[in-house]
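One file, my_file-v2.tsv, carrying TSV, C-alpha atoms:
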chain	number	residue	atom	x	y	z
A	1	MET	CA	98.77	10.89	-52.37
A	2	ALA	CA	95.54	12.51	-53.60
A	3	THR	CA	97.19	15.03	-55.88
A	4	GLU	CA	96.53	15.86	-59.52
A	5	ARG	CA	99.04	16.42	-62.31
A	6	THR	CA	99.59	20.08	-63.21
A	7	ASP	CA	101.09	22.02	-66.10
A	8	VAL	CA	103.67	23.83	-63.94
A	9	PRO	CA	107.13	23.16	-65.42
A	10	VAL	CA	109.27	21.00	-63.13
A	11	GLU	CA	112.24	23.34	-63.67
A	12	VAL	CA	110.22	26.31	-62.33
A	13	PHE	CA	109.43	24.39	-59.15
A	14	LEU	CA	112.99	23.11	-58.68
A	15	ASP	CA	114.43	26.61	-59.28
A	16	GLY	CA	112.43	27.71	-56.22
A	17	VAL	CA	113.99	25.14	-53.87
A	18	THR	CA	116.09	27.28	-51.52
A	19	HIS	CA	117.69	24.64	-49.29
A	20	ARG	CA	121.12	23.94	-50.81
A	21	VAL	CA	121.18	20.18	-50.12
A	22	ARG	CA	117.53	19.66	-51.14
A	23	ARG	CA	118.14	21.54	-54.40
A	24	ARG	CA	121.24	19.45	-55.19
A	25	ASP	CA	119.42	16.24	-54.24
A	26	ALA	CA	116.39	17.21	-56.34
A	27	ALA	CA	118.62	17.46	-59.42
A	28	THR	CA	120.08	14.03	-58.61
A	29	LEU	CA	116.63	12.49	-58.03
A	30	LEU	CA	115.30	14.03	-61.24
A	31	ALA	CA	118.10	12.48	-63.30
A	32	LEU	CA	117.92	9.14	-61.46
A	33	MET	CA	114.16	8.77	-61.85
A	34	GLU	CA	114.19	9.85	-65.50
A	35	ARG	CA	116.86	7.22	-66.18
A	36	VAL	CA	115.13	4.45	-64.21
A	37	THR	CA	111.58	5.08	-65.46
A	38	GLY	CA	112.27	6.40	-68.95
A	39	GLU	CA	109.49	8.92	-68.23
A	40	THR	CA	109.34	12.70	-68.45
A	41	ALA	CA	108.86	14.45	-65.11
A	42	TYR	CA	105.65	16.37	-64.38
A	43	MET	CA	104.45	18.29	-61.36
A	44	TRP	CA	101.73	16.70	-59.24
A	45	GLY	CA	100.16	19.32	-57.02
A	46	PRO	CA	102.38	22.16	-55.87
A	47	SER	CA	105.41	20.16	-54.67
A	48	ILE	CA	105.63	16.60	-56.02
A	49	VAL	CA	107.74	15.69	-59.06
A	50	GLY	CA	106.22	12.59	-60.62
A	51	PHE	CA	107.02	10.13	-63.39
A	52	GLY	CA	104.40	8.11	-65.24
A	53	GLU	CA	100.99	7.28	-63.83
A	54	TYR	CA	99.53	4.56	-61.65
A	55	HIS	CA	95.79	3.91	-61.57
A	56	TYR	CA	94.72	2.40	-58.25
A	57	ARG	CA	91.45	1.00	-57.01
A	58	TYR	CA	90.79	-0.02	-53.42
A	59	ASP	CA	88.41	-2.82	-52.40
A	60	SER	CA	86.11	-0.05	-51.17
A	61	GLY	CA	85.71	1.14	-54.76
A	62	ARG	CA	87.71	4.31	-54.21
A	63	GLU	CA	90.10	4.89	-57.10
A	64	GLY	CA	92.43	7.48	-58.53
A	65	VAL	CA	95.63	8.22	-60.37
A	66	THR	CA	98.99	8.95	-58.79
A	67	PRO	CA	102.56	9.11	-60.12
A	68	ALA	CA	104.20	5.73	-60.73
A	69	ALA	CA	107.38	7.17	-59.15
A	70	ALA	CA	107.78	10.50	-57.38
A	71	PHE	CA	109.80	12.70	-55.06
A	72	SER	CA	109.51	15.99	-53.26
A	73	PRO	CA	112.27	18.17	-51.81
A	74	ARG	CA	110.68	18.91	-48.42
A	75	LYS	CA	112.18	21.17	-45.79
A	76	ALA	CA	113.37	18.41	-43.42
A	77	ALA	CA	114.34	15.81	-46.05
A	78	SER	CA	113.81	14.74	-49.62
A	79	THR	CA	110.81	12.42	-49.79
A	80	VAL	CA	110.74	9.54	-52.28
A	81	TYR	CA	107.33	7.95	-52.77
A	82	LEU	CA	107.42	4.20	-53.34
A	83	LEU	CA	104.78	1.60	-54.23
A	84	PRO	CA	103.47	-0.66	-52.76
A	85	GLY	CA	105.32	0.48	-49.65
A	86	LEU	CA	108.62	-0.34	-48.06
A	87	THR	CA	108.02	-3.73	-46.47
A	88	GLU	CA	108.91	-5.81	-49.53
A	89	ARG	CA	112.68	-5.29	-49.63
A	90	PRO	CA	114.19	-4.70	-46.18
A	91	GLU	CA	117.60	-5.94	-47.40
A	92	LEU	CA	117.77	-3.03	-49.86
A	93	LEU	CA	116.87	-0.55	-47.14
A	94	ASP	CA	119.62	-2.05	-44.97
A	95	ARG	CA	122.15	-1.25	-47.73
A	96	LEU	CA	120.74	2.17	-48.65
A	97	GLY	CA	122.42	4.32	-46.03
A	98	PRO	CA	120.93	6.91	-43.64
A	99	HIS	CA	117.16	7.21	-44.07
A	100	SER	CA	113.84	7.03	-42.30
A	101	THR	CA	110.55	5.69	-43.59
A	102	GLY	CA	106.81	6.18	-43.54
A	103	VAL	CA	104.18	3.85	-45.01
A	104	GLY	CA	105.10	4.52	-48.64
A	105	CYS	CA	107.70	7.22	-48.13
A	106	LEU	CA	111.46	7.16	-47.91
A	107	TYR	CA	113.00	10.23	-46.24
A	108	LEU	CA	116.57	11.12	-47.21
A	109	LYS	CA	118.41	14.03	-45.63
A	110	ASP	CA	121.48	13.87	-47.88
A	111	LEU	CA	121.84	11.79	-51.06
A	112	ALA	CA	125.63	12.09	-50.79
A	113	GLU	CA	125.37	9.61	-47.89
A	114	VAL	CA	123.22	6.96	-49.60
A	115	ASP	CA	123.97	4.27	-52.17
A	116	LEU	CA	122.39	5.66	-55.34
A	117	GLU	CA	122.36	2.26	-57.06
A	118	VAL	CA	120.30	0.82	-54.19
A	119	LEU	CA	117.99	3.84	-54.42
A	120	ALA	CA	117.69	3.28	-58.18
A	121	GLU	CA	116.72	-0.35	-57.55
A	122	LEU	CA	114.04	0.68	-55.05
A	123	VAL	CA	112.64	3.19	-57.55
A	124	ARG	CA	112.81	0.63	-60.38
A	125	GLU	CA	110.89	-1.97	-58.37
A	126	SER	CA	108.29	0.60	-57.34
A	127	TYR	CA	107.85	1.80	-60.92
A	128	GLU	CA	107.54	-1.77	-62.22
A	129	PHE	CA	104.90	-2.51	-59.57
A	130	ALA	CA	102.87	0.44	-60.92
A	131	GLN	CA	102.88	-0.80	-64.51
A	132	PRO	CA	99.70	-2.46	-65.70
A	133	THR	CA	100.01	-6.17	-66.30
A	134	ALA	CA	99.16	-7.54	-69.69
A	135	PRO	CA	95.86	-9.45	-69.88
A	136	PRO	CA	96.24	-13.21	-70.12
A	137	SER	CA	96.38	-14.52	-73.67

What does this structure look like when you write it as structure tokens?
Amino acid sequence: MATERTDVPVEVFLDGVTHRVRRRDAATLLALMERVTGETAYMWGPSIVGFGEYHYRYDSGREGVTPAAAFSPRKAASTVYLLPGLTERPELLDRLGPHSTGVGCLYLKDLAEVDLEVLAELVRESYEFAQPTAPPS
């Protein structure tokens, strides 16, 4: 996700979501991610709602900043962005409910059909992964 944080208010973006289910799910995701991360939501680019920041650096030397947790109410499904990807906890995905996945994306068509506590755990683990570790003492 090579997107920068903007000053557009999250509420302005979410007020423009026209799909009834995506709009409802965006409100649920906003509350869930605020609770799990303890962070204030900010817009990243034109359509991603992000919480906190994660500085990454690849072995190639490429680096950047991305949200530590994020979602976007897309046309086909709500997208939840997770770090470091979705291969770490297949047992949680098995309990989540209807979904599909990409490399670091979880696609949810209707949050009313998923286990929100499982989703909260996935977001929590992703957010904790993004937190810098303390230097050794």

| message | Let me make sure I understand: among A:Gly50, A:Gly61, A:Gly38, A:Pro67, which one has the smallest atom-to-atom distance to Val10 (chain A) if we use only C-alpha atoms? | response | A:Gly50

| Which residue of A:Met43, A:Leu111, A:Leu30, A:Val21 approaches Thr6 (chain A) most closely, using all atoms listed in the file |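 That would be A:Met43, the residue with the smallest distance to Thr6 (chain A).
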
| remark: CA of Val103 (chain A) sits from CA of Ala41 (chain A) at a separation of 23.2 Å

| message | Here is a test: counting all atoms listed in the file, which residue of A:Leu29, A:Val49, A:Ala69, A:Leu119 is nearest to Pro84 (chain A)? | response | A:Ala69

| said: Restricting the calculation to all atoms listed in the file: of A:Thr28, A:Ser60, A:Ala76, A:Asp7, which residue gets closest to Trp44 (chain A)? | reply: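 Looking at the shortest contact to Trp44 (chain A), the residue is A:Asp7.
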
| message | Using only C-alpha atoms, can you tell me which of A:Arg35, A:Lys75, A:Arg57, A:Arg62 comes closest to Thr18 (chain A)? | response | A:Lys75

| task | Could you tell me which of A:Thr3, A:Ser126, A:Ser47, A:Thr37 comes closest to Gly64 (chain A) if we count only C-alpha atoms? | result |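 So, comparing all the options, the nearest one is A:Thr3.
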
| task | Tell me which protein, DNA and RNA residues are within 8 Å of Tyr56 (chain A), counting only C-alpha atoms, leaving out same-chain ones fewer than 4 positions away, and put them as a ChimeraX atom specification. | result | /A:63-66

| query | Distance CA of Pro46 (chain A)-CA of Asp59 (chain A), one decimal place? | reply |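 CA of Asp59 (chain A) lies 28.8 Å from CA of Pro46 (chain A).
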
| field | Gap from CA of Asp25 (chain A) to CA of Asp115 (chain A) - Å, one decimal | value | 13.0 Å

| Val123 (chain A): which residues within 12 Å, counting all atoms listed in the file, same-chain residues fewer than 4 positions away excluded, as a ChimeraX atom specification? | /A:29-30,32-38,50-51,67-71,80-86,89,92-93,104-106,116-119,127-130

Restricting the output to C-alpha atoms, write the selected residues as a PDB file, keeping the file's coordinate frame.
ATOM      1  CA  LEU A  29     116.630  12.490 -58.030  1.00  0.00           C
ATOM      2  CA  LEU A  30     115.300  14.030 -61.240  1.00  0.00           C
ATOM      3  CA  LEU A  32     117.920   9.140 -61.460  1.00  0.00           C
ATOM      4  CA  MET A  33     114.160   8.770 -61.850  1.00  0.00           C
ATOM      5  CA  GLU A  34     114.190   9.850 -65.500  1.00  0.00           C
ATOM      6  CA  ARG A  35     116.860   7.220 -66.180  1.00  0.00           C
ATOM      7  CA  VAL A  36     115.130   4.450 -64.210  1.00  0.00           C
ATOM      8  CA  THR A  37     111.580   5.080 -65.460  1.00  0.00           C
ATOM      9  CA  GLY A  38     112.270   6.400 -68.950  1.00  0.00           C
ATOM     10  CA  GLY A  50     106.220  12.590 -60.620  1.00  0.00           C
ATOM     11  CA  PHE A  51     107.020  10.130 -63.390  1.00  0.00           C
ATOM     12  CA  PRO A  67     102.560   9.110 -60.120  1.00  0.00           C
ATOM     13  CA  ALA A  68     104.200   5.730 -60.730  1.00  0.00           C
ATOM     14  CA  ALA A  69     107.380   7.170 -59.150  1.00  0.00           C
ATOM     15  CA  ALA A  70     107.780  10.500 -57.380  1.00  0.00           C
ATOM     16  CA  PHE A  71     109.800  12.700 -55.060  1.00  0.00           C
ATOM     17  CA  VAL A  80     110.740   9.540 -52.280  1.00  0.00           C
ATOM     18  CA  TYR A  81     107.330   7.950 -52.770  1.00  0.00           C
ATOM     19  CA  LEU A  82     107.420   4.200 -53.340  1.00  0.00           C
ATOM     20  CA  LEU A  83     104.780   1.600 -54.230  1.00  0.00           C
ATOM     21  CA  PRO A  84     103.470  -0.660 -52.760  1.00  0.00           C
ATOM     22  CA  GLY A  85     105.320   0.480 -49.650  1.00  0.00           C
ATOM     23  CA  LEU A  86     108.620  -0.340 -48.060  1.00  0.00           C
ATOM     24  CA  ARG A  89     112.680  -5.290 -49.630  1.00  0.00           C
ATOM     25  CA  LEU A  92     117.770  -3.030 -49.860  1.00  0.00           C
ATOM     26  CA  LEU A  93     116.870  -0.550 -47.140  1.00  0.00           C
ATOM     27  CA  GLY A 104     105.100   4.520 -48.640  1.00  0.00           C
ATOM     28  CA  CYS A 105     107.700   7.220 -48.130  1.00  0.00           C
ATOM     29  CA  LEU A 106     111.460   7.160 -47.910  1.00  0.00           C
ATOM     30  CA  LEU A 116     122.390   5.660 -55.340  1.00  0.00           C
ATOM     31  CA  GLU A 117     122.360   2.260 -57.060  1.00  0.00           C
ATOM     32  CA  VAL A 118     120.300   0.820 -54.190  1.00  0.00           C
ATOM     33  CA  LEU A 119     117.990   3.840 -54.420  1.00  0.00           C
ATOM     34  CA  TYR A 127     107.850   1.800 -60.920  1.00  0.00           C
ATOM     35  CA  GLU A 128     107.540  -1.770 -62.220  1.00  0.00           C
ATOM     36  CA  PHE A 129     104.900  -2.510 -59.570  1.00  0.00           C
ATOM     37  CA  ALA A 130     102.870   0.440 -60.920  1.00  0.00           C
TER      38      ALA A 130
END

| What would the list of residues within 12 Å of (112.2, 20.6, -46.6) (file frame) look like as a PyMOL selection string, if only C-alpha atoms are what count? | chain A and resi 16-23+25-26+47+71-79+107-110

Box dimensions and centre (Å, one decimal) enclosing region 101-106 of chain A, axis-aligned, 3 Å extra per side, as lines of an AutoDock Vina configuration file:
center_x = 107.8
center_y = 5.5
center_z = -46.1
size_x = 13.3
size_y = 9.4
size_z = 11.1
